Structure formats: structure tokens, C-alpha cells
$ cat query20.txt   # compact mmCIF, C-alpha atoms
# COMPACT_ATOMS: atom_id res chain seq x y z
CA GLY A 23 124.14 -115.40 38.06
CA SER A 24 121.43 -118.05 38.10
CA GLU A 25 117.83 -117.19 38.72
CA MET A 26 114.55 -118.89 37.95
CA CYS A 27 112.08 -116.98 35.82
CA ILE A 28 108.68 -118.53 35.16
CA ARG A 29 106.23 -116.77 32.85
CA ASP A 30 103.67 -117.21 30.13
CA ARG A 31 104.85 -116.97 26.56
CA GLY A 32 102.62 -116.33 23.58
CA SER A 33 99.27 -114.66 24.01
CA PRO A 34 95.76 -115.56 25.13
CA SER A 35 93.39 -116.62 22.35
CA ASN A 36 91.12 -113.61 22.98
CA GLU A 37 93.87 -110.96 22.59
CA ALA A 38 93.24 -108.38 19.84
CA ASN A 39 95.41 -108.77 16.71
CA ARG A 40 96.75 -112.09 17.98
CA GLY A 41 98.49 -114.29 15.43
CA GLY A 42 97.43 -117.91 15.08
CA ASP A 43 100.96 -119.02 15.96
CA GLU A 44 101.05 -117.44 19.45
CA THR A 45 99.95 -120.43 21.55
CA GLU A 46 100.22 -119.49 25.21
CA HIS A 47 102.51 -121.75 27.27
CA ASN A 48 104.82 -121.56 30.29
CA VAL A 49 108.57 -121.07 29.89
CA THR A 50 111.17 -121.37 32.64
CA LEU A 51 114.40 -119.44 32.11
CA THR A 52 117.00 -121.19 34.25
CA ASN A 53 119.79 -118.65 33.87
CA GLY A 54 119.86 -114.91 34.19
CA PHE A 55 120.99 -112.85 31.20
CA TYR A 56 121.91 -109.33 30.23
CA LEU A 57 120.29 -107.49 27.34
CA GLY A 58 121.22 -104.16 25.78
CA LYS A 59 118.72 -101.44 26.62
CA TYR A 60 118.80 -100.13 23.02
CA GLU A 61 118.96 -101.65 19.58
CA VAL A 62 122.48 -101.88 18.12
CA THR A 63 123.24 -98.58 16.42
CA GLN A 64 124.85 -98.19 13.03
CA ALA A 65 127.90 -96.60 14.71
CA GLN A 66 128.30 -99.62 17.02
CA TYR A 67 127.85 -102.09 14.17
CA GLU A 68 130.30 -100.27 11.89
CA ALA A 69 132.93 -100.07 14.67
CA ILE A 70 132.89 -103.88 14.95
CA MET A 71 132.10 -105.01 11.41
CA GLY A 72 133.68 -102.22 9.34
CA THR A 73 130.56 -101.82 7.19
CA ASN A 74 127.08 -100.36 7.44
CA PRO A 75 124.45 -102.13 5.33
CA SER A 76 121.53 -99.96 6.51
CA ASN A 77 119.16 -98.27 4.08
CA PHE A 78 118.39 -95.37 6.45
CA LYS A 79 121.78 -93.90 7.38
CA GLY A 80 122.55 -92.32 10.73
CA ALA A 81 125.06 -93.13 13.47
CA ASN A 82 122.37 -93.33 16.19
CA LEU A 83 119.81 -95.13 14.03
CA PRO A 84 119.45 -98.88 14.53
CA VAL A 85 121.39 -101.04 12.10
CA GLU A 86 118.99 -102.71 9.68
CA THR A 87 119.01 -105.00 6.64
CA VAL A 88 121.39 -107.39 8.39
CA THR A 89 120.96 -111.14 8.08
CA TRP A 90 120.87 -113.54 11.01
CA ALA A 91 124.41 -114.58 10.05
CA ASP A 92 125.50 -110.90 10.11
CA ALA A 93 123.98 -110.45 13.57
CA THR A 94 125.63 -113.57 15.01
CA SER A 95 128.96 -112.60 13.41
CA PHE A 96 128.66 -109.17 15.05
CA CYS A 97 128.14 -110.85 18.43
CA ALA A 98 131.15 -113.15 17.93
CA LYS A 99 133.44 -110.27 16.88
CA LEU A 100 132.23 -108.09 19.75
CA THR A 101 132.89 -110.94 22.19
CA GLU A 102 136.41 -111.40 20.80
CA ARG A 103 137.19 -107.67 21.03
CA GLU A 104 135.86 -107.33 24.59
CA ARG A 105 137.73 -110.46 25.77
CA ARG A 106 141.01 -109.17 24.31
CA ALA A 107 140.44 -105.85 26.09
CA GLY A 108 139.71 -107.64 29.39
CA ARG A 109 136.23 -106.13 29.66
CA LEU A 110 134.25 -109.37 29.44
CA PRO A 111 134.14 -111.72 32.46
CA THR A 112 135.26 -115.31 31.92
CA GLY A 113 132.47 -117.48 30.57
CA TYR A 114 130.45 -114.54 29.21
CA ALA A 115 129.74 -113.98 25.53
CA TYR A 116 127.62 -111.66 23.46
CA GLN A 117 124.85 -113.46 21.61
CA LEU A 118 121.38 -112.86 20.32
CA PRO A 119 118.67 -113.49 22.91
CA THR A 120 116.50 -116.54 22.54
CA GLU A 121 112.91 -115.80 21.56
CA ALA A 122 111.85 -116.61 25.13
CA GLN A 123 114.45 -114.23 26.61
CA TRP A 124 113.42 -111.48 24.19
CA GLU A 125 109.72 -111.86 25.00
CA TYR A 126 110.44 -111.95 28.74
CA ALA A 127 112.39 -108.68 28.50
CA CYS A 128 109.85 -107.10 26.13
CA ARG A 129 106.85 -107.83 28.34
CA ALA A 130 108.69 -106.61 31.47
CA GLY A 131 106.41 -108.51 33.82
CA THR A 132 103.16 -107.47 32.14
CA LYS A 133 100.35 -109.66 30.81
CA THR A 134 99.05 -107.13 28.27
CA ALA A 135 99.51 -107.18 24.48
CA TYR A 136 102.26 -104.55 24.77
CA SER A 137 104.50 -103.73 27.71
CA PHE A 138 102.53 -100.48 28.16
CA GLY A 139 98.99 -101.86 27.75
CA ASP A 140 96.63 -103.45 25.24
CA ALA A 141 96.88 -100.70 22.59
CA ILE A 142 99.81 -99.09 20.81
CA ARG A 143 100.08 -95.40 19.90
CA THR A 144 102.64 -93.48 17.86
CA LYS A 145 103.90 -91.78 21.05
CA GLN A 146 104.99 -95.18 22.37
CA ALA A 147 106.75 -96.80 19.41
CA ASN A 148 107.83 -96.31 15.81
CA TYR A 149 105.44 -98.72 14.13
CA ASP A 150 103.56 -96.58 11.59
CA ASN A 151 105.16 -97.11 8.18
CA SER A 152 103.31 -94.21 6.54
CA ASP A 153 106.65 -92.40 6.10
CA GLY A 154 108.21 -95.24 4.13
CA GLY A 155 109.36 -97.19 7.17
CA GLN A 156 112.00 -94.66 8.26
CA THR A 157 113.71 -95.75 11.46
CA THR A 158 114.11 -93.40 14.42
CA PRO A 159 117.16 -92.92 16.66
CA VAL A 160 117.43 -95.59 19.35
CA GLY A 161 115.81 -94.57 22.62
CA SER A 162 113.43 -92.07 20.99
CA TYR A 163 110.46 -93.63 22.75
CA PRO A 164 109.86 -94.34 26.45
CA ALA A 165 111.43 -97.46 27.92
CA ASN A 166 109.35 -100.33 29.24
CA ALA A 167 109.16 -100.92 33.01
CA TRP A 168 112.56 -102.67 32.97
CA GLY A 169 114.37 -99.95 31.02
CA PHE A 170 114.38 -101.48 27.52
CA HIS A 171 113.68 -99.17 24.58
CA ASP A 172 112.16 -99.89 21.16
CA MET A 173 110.91 -103.38 22.00
CA HIS A 174 107.84 -102.59 19.89
CA GLY A 175 108.44 -101.16 16.44
CA ASN A 176 111.40 -99.42 14.78
CA VAL A 177 113.09 -102.56 13.40
CA CYS A 178 112.59 -106.31 13.68
CA GLU A 179 115.10 -108.06 15.93
CA TRP A 180 116.85 -111.34 15.29
CA CYS A 181 116.74 -114.04 17.97
CA HIS A 182 119.24 -116.82 18.62
CA ASP A 183 116.79 -119.63 17.98
CA TRP A 184 114.64 -120.18 14.91
CA PHE A 185 110.99 -119.28 14.55
CA GLY A 186 108.65 -122.23 14.88
CA LYS A 187 105.24 -123.21 16.15
CA TYR A 188 104.89 -122.59 19.87
CA PRO A 189 104.44 -125.82 21.80
CA THR A 190 101.57 -126.33 24.19
CA ASP A 191 103.71 -128.01 26.85
CA PRO A 192 105.84 -126.05 29.33
CA LEU A 193 109.47 -125.46 28.29
CA THR A 194 112.69 -124.98 30.24
$ encode --input "query20.txt" --output "C-alpha cells"
Amino acid sequence: GSEMCIRDRGSPSNEANRGGDETEHNVTLTNGFYLGKYEVTQAQYEAIMGTNPSNFKGANLPVETVTWADATSFCAKLTERERRAGRLPTGYAYQLPTEAQWEYACRAGTKTAYSFGDAIRTKQANYDNSDGGQTTPVGSYPANAWGFHDMHGNVCEWCHDWFGKYPTDPLT
């Protein structure tokens, strides 16, 4: 369904550990969207793609070392399979979220640096690479206020659109 979501994107200039490319600006999301509550697991990826390129193997670990093209191909093949099975409503398709959609879901209505506050601890996310960057099973850490897991840490996520400088003008 359609819904209007207006929010700030980026971060305030006084936020700790802020990158110089995080110019704060307003974004209006004109359509609602669904987002998986977990990262795509290796088992899910292998069931659709027939391969598992991950360095850290485990069925319930997030798939990693995939390219943007791999991720979009996964979405296209998943869409095709679910349409053939009659499980995907007409007009719906699996795709990567836009950067604005991802940030909206990650922040879960908060204005802090992280969805759980201004500081991050190892009990909240897998972000400490002292163990060689080993990934953890999806959902190992508490969800944000909207039920999404692993939005901070574990693996980097691909977005539908390309990374670029944030504009200063509002976007729709």
C-alpha cells in the first residue's frame, strides 16, 4: 500500500564518528515497502542461486562476498520462483532496498547514531573484527524497535541505488 514517510537522512554535523559524506536532509518515501527482518542466509541464497560464495560457512550465517550483481540476480530469481509458485502478489517483486529505505528501516524512528542509542556495544551488534571478521548467525542480536535484526554490523548490505554524495535539498 501507499503511505507517506517523511524523515531526516544522514546525520547531524555534531554526531560522534560522523562521516563527512552524511549531509542531513529530508527524504519522503512515497510508497510503503517490505523488508526482510534478517540478512539473507547462506541456505536461502544457495537454494535460489545454487552456489555459496561465502568465506565463513554456515547455513544460518549471512551470505557474504557477493557482488551487487549477485544480489540483484538473487532478487530476480527469487521473484521468478515466488511468482511461479503463486506466492507473490501481482505487481510485487523482490529487490534491494534503496539507501533511503534501508536507513529508514535501520533507524526505526530514532534520531540517534544507532537505532538503540548514540553508542554501540558488542552485546548489540557484531561489529568488532578482533576475531578476523567472523560473521554470526542472523538474528543473534536484539532487533531494533521495528523488528529488524543486524542492521548494525555483521556484514555490509547492498542497496538498490548507488552510493553518492548526499544532497542538501529534500528528496522524494
$ atom_distance --input "query20.txt" --atom1 "CA of Val49 (chain A)" --atom2 "CA of Asp183 (chain A)"
14.5 Å
$ residues_around --input "query20.txt" --residues "region 77-89 of chain A" --least-positions-apart "3" --cutoff "6 Å" --atoms "all atoms listed in the file" --output "list of chain:residue names"
A:Glu61, A:Val62, A:Thr63, A:Gln64, A:Ala65, A:Asp92, A:Thr158, A:Pro159, A:Val160
$ write_last_selection --input "query20.txt" --atoms "C-alpha atoms" --output "PDB file, in the frame of the given file"
ATOM      1  CA  GLU A  61     118.960-101.650  19.580  1.00  0.00           C
ATOM      2  CA  VAL A  62     122.480-101.880  18.120  1.00  0.00           C
ATOM      3  CA  THR A  63     123.240 -98.580  16.420  1.00  0.00           C
ATOM      4  CA  GLN A  64     124.850 -98.190  13.030  1.00  0.00           C
ATOM      5  CA  ALA A  65     127.900 -96.600  14.710  1.00  0.00           C
ATOM      6  CA  ASP A  92     125.500-110.900  10.110  1.00  0.00           C
ATOM      7  CA  THR A 158     114.110 -93.400  14.420  1.00  0.00           C
ATOM      8  CA  PRO A 159     117.160 -92.920  16.660  1.00  0.00           C
ATOM      9  CA  VAL A 160     117.430 -95.590  19.350  1.00  0.00           C
TER      10      VAL A 160
END
$ closest_residue --input "query20.txt" --among "A:Lys59, A:Lys99, A:His174, A:His182" --to "Gly139 (chain A)" --atoms "only C-alpha atoms"
A:His174
$ residues_near_point --input "query20.txt" --point "(107.7, -96.6, 15.2)" --cutoff "6 Å" --atoms "all atoms listed in the file" --output "mmCIF file with C-alpha atoms, in the coordinates of the input"
data_model
loop_
_atom_site.group_PDB
_atom_site.id
_atom_site.type_symbol
_atom_site.label_atom_id
_atom_site.label_comp_id
_atom_site.auth_asym_id
_atom_site.auth_seq_id
_atom_site.Cartn_x
_atom_site.Cartn_y
_atom_site.Cartn_z
ATOM 1 C CA ALA A 147 106.750 -96.800 19.410
ATOM 2 C CA ASN A 148 107.830 -96.310 15.810
ATOM 3 C CA TYR A 149 105.440 -98.720 14.130
ATOM 4 C CA ASP A 150 103.560 -96.580 11.590
ATOM 5 C CA GLY A 175 108.440 -101.160 16.440
ATOM 6 C CA ASN A 176 111.400 -99.420 14.780
#
$ residues_around --input "query20.txt" --residues "region 121-135 of chain A" --least-positions-apart "5" --cutoff "7 Å" --atoms "all atoms listed in the file" --output "CSV table (one decimal) with C-alpha atoms, in the coordinates of the input"
chain,number,residue,atom,x,y,z
A,140,ASP,CA,96.6,-103.4,25.2
A,166,ASN,CA,109.4,-100.3,29.2
A,167,ALA,CA,109.2,-100.9,33.0
A,168,TRP,CA,112.6,-102.7,33.0
A,173,MET,CA,110.9,-103.4,22.0
A,181,CYS,CA,116.7,-114.0,18.0
A,183,ASP,CA,116.8,-119.6,18.0
$ atom_distance --input "query20.txt" --atom1 "CA of Thr94 (chain A)" --atom2 "CA of Trp184 (chain A)"
12.8 Å
$ atom_distance --input "query20.txt" --atom1 "CA of Ile142 (chain A)" --atom2 "CA of Leu51 (chain A)"
27.5 Å
$ axis_aligned_box --input "query20.txt" --around "region 57-64 of chain A" --padding-each-side "4 Å" --output "lines of an AutoDock Vina configuration file"
center_x = 121.8
center_y = -102.8
center_z = 20.2
size_x = 14.1
size_y = 17.3
size_z = 22.3
$ closest_residue --input "query20.txt" --among "A:Ala115, A:Ala107, A:Ala91, A:Cys178" --to "Leu57 (chain A)" --atoms "all atoms listed in the file"
A:Ala115
$ closest_residue --input "query20.txt" --among "A:Pro164, A:Leu100, A:Phe170, A:Ala141" --to "Tyr114 (chain A)" --atoms "all atoms listed in the file"
A:Leu100
$ closest_residue --input "query20.txt" --among "A:Phe55, A:Phe138, A:Trp180, A:Tyr67" --to "Leu118 (chain A)" --atoms "all atoms listed in the file"
A:Trp180
$ decode --input "query20.txt" --residues "region 93-121 of chain A" --atoms "N, CA, C and O atoms" --output "short mmCIF file (atom, residue, chain, number, x, y, z; two decimals), in the first residue's frame"
data_model
loop_
_atom_site.label_atom_id
_atom_site.label_comp_id
_atom_site.auth_asym_id
_atom_site.auth_seq_id
_atom_site.Cartn_x
_atom_site.Cartn_y
_atom_site.Cartn_z
N ALA A 93 23.65 -9.95 -5.90
CA ALA A 93 22.50 -9.65 -5.03
C ALA A 93 21.25 -9.33 -5.85
O ALA A 93 20.15 -9.79 -5.52
N THR A 94 21.40 -8.56 -6.92
CA THR A 94 20.23 -8.24 -7.75
C THR A 94 19.76 -9.47 -8.53
O THR A 94 18.56 -9.65 -8.73
N SER A 95 20.69 -10.33 -8.93
CA SER A 95 20.32 -11.58 -9.60
C SER A 95 19.55 -12.49 -8.65
O SER A 95 18.55 -13.12 -9.04
N PHE A 96 19.98 -12.55 -7.39
CA PHE A 96 19.26 -13.32 -6.37
C PHE A 96 17.82 -12.82 -6.26
O PHE A 96 16.88 -13.61 -6.26
N CYS A 97 17.65 -11.50 -6.19
CA CYS A 97 16.31 -10.93 -6.07
C CYS A 97 15.44 -11.28 -7.28
O CYS A 97 14.27 -11.64 -7.14
N ALA A 98 16.02 -11.19 -8.48
CA ALA A 98 15.27 -11.51 -9.71
C ALA A 98 14.86 -12.99 -9.73
O ALA A 98 13.71 -13.32 -10.07
N LYS A 99 15.78 -13.88 -9.38
CA LYS A 99 15.47 -15.31 -9.38
C LYS A 99 14.46 -15.67 -8.30
O LYS A 99 13.59 -16.52 -8.51
N LEU A 100 14.56 -15.03 -7.13
CA LEU A 100 13.59 -15.26 -6.07
C LEU A 100 12.21 -14.78 -6.50
O LEU A 100 11.20 -15.46 -6.29
N THR A 101 12.14 -13.63 -7.14
CA THR A 101 10.87 -13.10 -7.65
C THR A 101 10.25 -14.09 -8.63
O THR A 101 9.06 -14.41 -8.55
N GLU A 102 11.05 -14.58 -9.57
CA GLU A 102 10.57 -15.53 -10.58
C GLU A 102 10.03 -16.80 -9.92
O GLU A 102 8.94 -17.28 -10.26
N ARG A 103 10.77 -17.34 -8.96
CA ARG A 103 10.34 -18.57 -8.28
C ARG A 103 9.03 -18.35 -7.52
O ARG A 103 8.10 -19.16 -7.60
N GLU A 104 8.94 -17.25 -6.79
CA GLU A 104 7.74 -16.98 -5.98
C GLU A 104 6.53 -16.66 -6.84
O GLU A 104 5.40 -17.00 -6.48
N ARG A 105 6.74 -16.03 -8.00
CA ARG A 105 5.61 -15.78 -8.93
C ARG A 105 5.10 -17.10 -9.50
O ARG A 105 3.89 -17.32 -9.58
N ARG A 106 6.02 -17.96 -9.92
CA ARG A 106 5.62 -19.26 -10.48
C ARG A 106 4.84 -20.08 -9.45
O ARG A 106 3.90 -20.79 -9.80
N ALA A 107 5.21 -19.96 -8.19
CA ALA A 107 4.54 -20.71 -7.12
C ALA A 107 3.25 -20.04 -6.67
O ALA A 107 2.53 -20.59 -5.84
N GLY A 108 2.96 -18.84 -7.18
CA GLY A 108 1.74 -18.13 -6.80
C GLY A 108 1.79 -17.52 -5.42
O GLY A 108 0.74 -17.22 -4.84
N ARG A 109 2.99 -17.30 -4.89
CA ARG A 109 3.13 -16.75 -3.54
C ARG A 109 3.45 -15.26 -3.53
O ARG A 109 3.62 -14.68 -2.46
N LEU A 110 3.54 -14.64 -4.69
CA LEU A 110 3.90 -13.23 -4.77
C LEU A 110 2.76 -12.46 -5.43
O LEU A 110 2.40 -12.75 -6.57
N PRO A 111 2.15 -11.50 -4.72
CA PRO A 111 1.04 -10.75 -5.32
C PRO A 111 1.46 -10.04 -6.61
O PRO A 111 2.61 -9.65 -6.78
N THR A 112 0.51 -9.87 -7.49
CA THR A 112 0.74 -9.17 -8.76
C THR A 112 1.31 -7.79 -8.51
O THR A 112 0.86 -7.07 -7.62
N GLY A 113 2.34 -7.45 -9.26
CA GLY A 113 2.97 -6.14 -9.13
C GLY A 113 4.08 -6.08 -8.10
O GLY A 113 4.77 -5.07 -8.00
N TYR A 114 4.26 -7.13 -7.31
CA TYR A 114 5.31 -7.15 -6.29
C TYR A 114 6.56 -7.82 -6.86
O TYR A 114 6.47 -8.70 -7.71
N ALA A 115 7.71 -7.40 -6.38
CA ALA A 115 8.97 -8.02 -6.78
C ALA A 115 9.96 -7.86 -5.64
O ALA A 115 9.90 -6.89 -4.88
N TYR A 116 10.85 -8.82 -5.52
CA TYR A 116 11.94 -8.72 -4.56
C TYR A 116 13.01 -7.84 -5.18
O TYR A 116 13.35 -8.00 -6.36
N GLN A 117 13.53 -6.91 -4.40
CA GLN A 117 14.64 -6.08 -4.87
C GLN A 117 15.39 -5.57 -3.65
O GLN A 117 14.91 -5.65 -2.53
N LEU A 118 16.58 -5.08 -3.89
CA LEU A 118 17.35 -4.48 -2.81
C LEU A 118 16.66 -3.19 -2.40
O LEU A 118 16.07 -2.50 -3.24
N PRO A 119 16.72 -2.83 -1.13
CA PRO A 119 16.13 -1.55 -0.72
C PRO A 119 16.99 -0.39 -1.24
O PRO A 119 18.20 -0.54 -1.44
N THR A 120 16.35 0.75 -1.46
CA THR A 120 17.14 1.93 -1.75
C THR A 120 17.89 2.32 -0.48
O THR A 120 17.55 1.86 0.62
N GLU A 121 18.88 3.16 -0.61
CA GLU A 121 19.63 3.59 0.57
C GLU A 121 18.70 4.31 1.56
O GLU A 121 18.80 4.14 2.76
#
